[in-house]
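Visitor: Got a structure for you, questions after.
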Amino acid sequence: MITKKVPFYSLDYVTESLGRDLLSAFGGVLDSNWFIRGPRCERFEGAFAEYCGAKHGIGTGNGLDALTLMLRASIELGYLKRGDEVIVPANTFIATVLAVCAAGLVPVLVDPDRETCNLDVSLLEGACSERTRAILMVHLYGRLADMPAICEFAKAKGLLVFEDAAQAHGAKIDRNGGSVAAAYSFYPTKNLGALGDGGMVVTDDAELARMVRMLGNYGSERKYVNKYVGVNSRLDEVQAAILLEKLPHLDGWNARRREIAARYCSEIKNPLVRVTPVPANPLSHVWHVFPVFCERRDELQTFLASRGIETLVHYPIPPHLQDAFTGASASLLRHGALPVAEELARTELSIPMGPGLGNDQISYVIDALNEF
Ligand SMILES: *Cc1c(COP(=O)(O)O)cnc(C)c1O
């Protein structure tokens, strides 16, 4: 048998199609002699905010900082106060939970829906206490959470809504009456990735935008005049220049991800392997990750590896079972039983996904999954 190699994710497709443009963008920054908070960052902030349908974009050093600064700015503006509870899905990348803690807020973990892997709206009511003030939804794997239902619930309860959109660049988000702000990451392997770390907060709220910018710049608007206890978290000119080159291609790359996902969803037919469905509006999913679920996950991973197919697990240990949040630190967050999050962590396997995959590679992965 011929074993091919199918990488989990390769950025060769970017280098092959845009390599020269990226080099000349880098050269432009070098020639400009200006590396932090310059014209390229400003242009990219405007372009990405517009792409998201938001009025303001504020570049940050990474996605975790974007999340943290979005919440910290909300505290400085009096929208939230330290010690308030924020509802967060129990199955997410750890950064979502870390950001809530770092801002001095208390994460309340809520089990996800088994099909969509996003917040289970029917569990929100039971998770609320008199200290609950906000919901930080995550568009996990690139699938938009049920924003209309979450926003309606939040409105009825007087809660604010925030988004962790670090996996959902380009998913069609209707911002009208929705969230206060969304945080993005430009980690290299995200759907829109830099050549290093980067992040952004997008919002329609001009005051929040100004506060995020200030907090990410030592709490200062005017050099050497510090109004807040800020941090240093800015998007540099090199990353902004690279991201400006890549942004016009994002929709095309996401369309290719949807094509691949549609094939996986219709052609994976092994009863041992469960896939998550294409949403009613296909544009509301950008398939950052294509997850499958299997009770014999580790065996499946080994089987695929023997065929040269690389896979990853997103994520093997849910936040509430991490050492960071057990023992003495357990009081940093609040949660009840989380059977669905634990089941997903035990059974999830992410199979190759990315615009660079060829049709023959996809067929090869599908055949292997069906043979298992
Ligand atoms: C990647 C990611 C982050 C953090 O982004 P970094 O830029 O790596 O700090 C936060 N939340 C989610 C859901 C992510 O996938």
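Starting from 1 in every chain, residues are counted up; chains themselves are A, B, ... following the order of the structure tokens, and ligands are numbered from 1 as listed.
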Just list the residues in region 61-175 of chain A DSSP gives alpha helix (DSSP H) on the backbone, as a PyMOL selection string.
Guide: chain A and resi 63-76+94-102+124-127+147-157
Visitor: Please, which residues have at least one atom within 9 Å of an atom of ligand 1, using only C-alpha atoms and all ligand atoms, listed as a ChimeraX atom specification?
Guide: /A:61-67,92-97,99,138-141,164-168,183-190,197-199,288
Visitor: Quick check for you: according to DSSP on this backbone, which residues of region 49-244 of chain A are classed as strand (DSSP E)? Reply as a PyMOL selection string.
Guide: chain A and resi 56-60+85-89+106-110+132-138+160-164+181-185+199-203+220-222+225-226
Visitor: Pick the closest to Ala103 (chain A) from A:Leu215, A:Met147, A:Ala171, A:Ala328: which is it, counting only C-alpha atoms?
Guide: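 Checking each candidate against Ala103 (chain A), we get A:Leu215 as the closest.
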Visitor: I'd like the interatomic distance between CA of His314 (chain A) and CA of Ala330 (chain A), to a tenth of an Å.
Guide: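 Between CA of His314 (chain A) and CA of Ala330 (chain A) the gap works out to 22.4 Å.
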Visitor: I'd like the contact shell of Pro318 (chain A) - 7 Å cut-off, only C-alpha atoms, skipping same-chain residues fewer than 3 positions apart - returned as a list in words.
Guide: Ala90, Asn91, Tyr315, Leu321, Gln322, Ala341, Glu342 and Ala345 of chain A
Visitor: Name all residues at most 7 Å from Gln361 (chain A) (count only C-alpha atoms; drop same-chain ones fewer than 4 positions away) and give them as a PyMOL selection string.
Guide: chain A and resi 6+357+365
Visitor: Set the distance at 12 Å and use only C-alpha atoms: which residues neighbour Tyr13 (chain A) once local chain neighbours fewer than 6 positions away are removed? I'd like the list as a PyMOL selection string.
Guide: chain A and resi 19+246+249+253+256+354-358
Visitor: Write a file of the selected residues as a PDB file, in the first residue's frame, keeping N, CA and C atoms.
Guide:
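Wrote out.pdb, looks like this:
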```pdb
ATOM      1  N   GLY A  19       4.086  34.491  -1.417  1.00  0.00           N
ATOM      2  CA  GLY A  19       5.439  34.649  -0.879  1.00  0.00           C
ATOM      3  C   GLY A  19       6.110  35.951  -1.271  1.00  0.00           C
ATOM      4  N   LYS A 246      -2.704  39.547   3.298  1.00  0.00           N
ATOM      5  CA  LYS A 246      -3.475  38.306   3.341  1.00  0.00           C
ATOM      6  C   LYS A 246      -4.987  38.520   3.392  1.00  0.00           C
ATOM      7  N   HIS A 249      -7.535  37.738   0.649  1.00  0.00           N
ATOM      8  CA  HIS A 249      -7.648  36.335   0.239  1.00  0.00           C
ATOM      9  C   HIS A 249      -8.471  35.503   1.223  1.00  0.00           C
ATOM     10  N   TRP A 253     -10.100  31.669   0.862  1.00  0.00           N
ATOM     11  CA  TRP A 253      -9.588  30.549   1.665  1.00  0.00           C
ATOM     12  C   TRP A 253     -10.717  29.906   2.478  1.00  0.00           C
ATOM     13  N   ARG A 256     -12.879  27.693   0.347  1.00  0.00           N
ATOM     14  CA  ARG A 256     -12.260  26.383   0.112  1.00  0.00           C
ATOM     15  C   ARG A 256     -12.425  25.472   1.347  1.00  0.00           C
ATOM     16  N   GLY A 354      -7.691  22.773   5.675  1.00  0.00           N
ATOM     17  CA  GLY A 354      -6.993  23.992   5.284  1.00  0.00           C
ATOM     18  C   GLY A 354      -7.101  24.180   3.784  1.00  0.00           C
ATOM     19  N   PRO A 355      -7.020  25.446   3.335  1.00  0.00           N
ATOM     20  CA  PRO A 355      -7.200  25.753   1.915  1.00  0.00           C
ATOM     21  C   PRO A 355      -6.182  25.058   1.016  1.00  0.00           C
ATOM     22  N   GLY A 356      -5.054  24.634   1.581  1.00  0.00           N
ATOM     23  CA  GLY A 356      -4.006  24.040   0.764  1.00  0.00           C
ATOM     24  C   GLY A 356      -4.227  22.569   0.453  1.00  0.00           C
ATOM     25  N   LEU A 357      -5.242  21.933   1.042  1.00  0.00           N
ATOM     26  CA  LEU A 357      -5.458  20.500   0.813  1.00  0.00           C
ATOM     27  C   LEU A 357      -5.981  20.257  -0.598  1.00  0.00           C
ATOM     28  N   GLY A 358      -5.424  19.253  -1.259  1.00  0.00           N
ATOM     29  CA  GLY A 358      -5.893  18.890  -2.596  1.00  0.00           C
ATOM     30  C   GLY A 358      -7.039  17.894  -2.508  1.00  0.00           C
TER      31      GLY A 358
END
```
Visitor: In Å to one decimal, how far is CA of Pro277 (chain A) from CA of Glu299 (chain A)?
Guide: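 Between CA of Glu299 (chain A) and CA of Pro277 (chain A) the gap is 23.4 Å.
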Visitor: Please compute the CA of Pro352 (chain A)-CA of Glu295 (chain A) distance, one decimal, in Å.
Guide: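 CA of Glu295 (chain A) lies at a distance of 19.3 Å from CA of Pro352 (chain A).
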Visitor: Kindly indicate which residue among A:Leu23, A:Ile366, A:Ile309, A:Ala102 lies nearest to Cys265 (chain A), using only C-alpha atoms for the distances.
Guide: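 That would be A:Ile366, the residue with the smallest distance to Cys265 (chain A).
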Visitor: Could you pull the residues within 9 Å of Asp21 (chain A), counting only C-alpha atoms, minus those fewer than 4 positions along the same chain, as a PyMOL selection string?
Guide: chain A and resi 17+25-26+242+245
Visitor: Which is closer to Leu71 (chain A) than all the others in A:Arg133, A:His56, A:Arg263, A:Arg43, using only C-alpha atoms?
Guide: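 Closest residue, counting only C-alpha atoms: A:Arg133.
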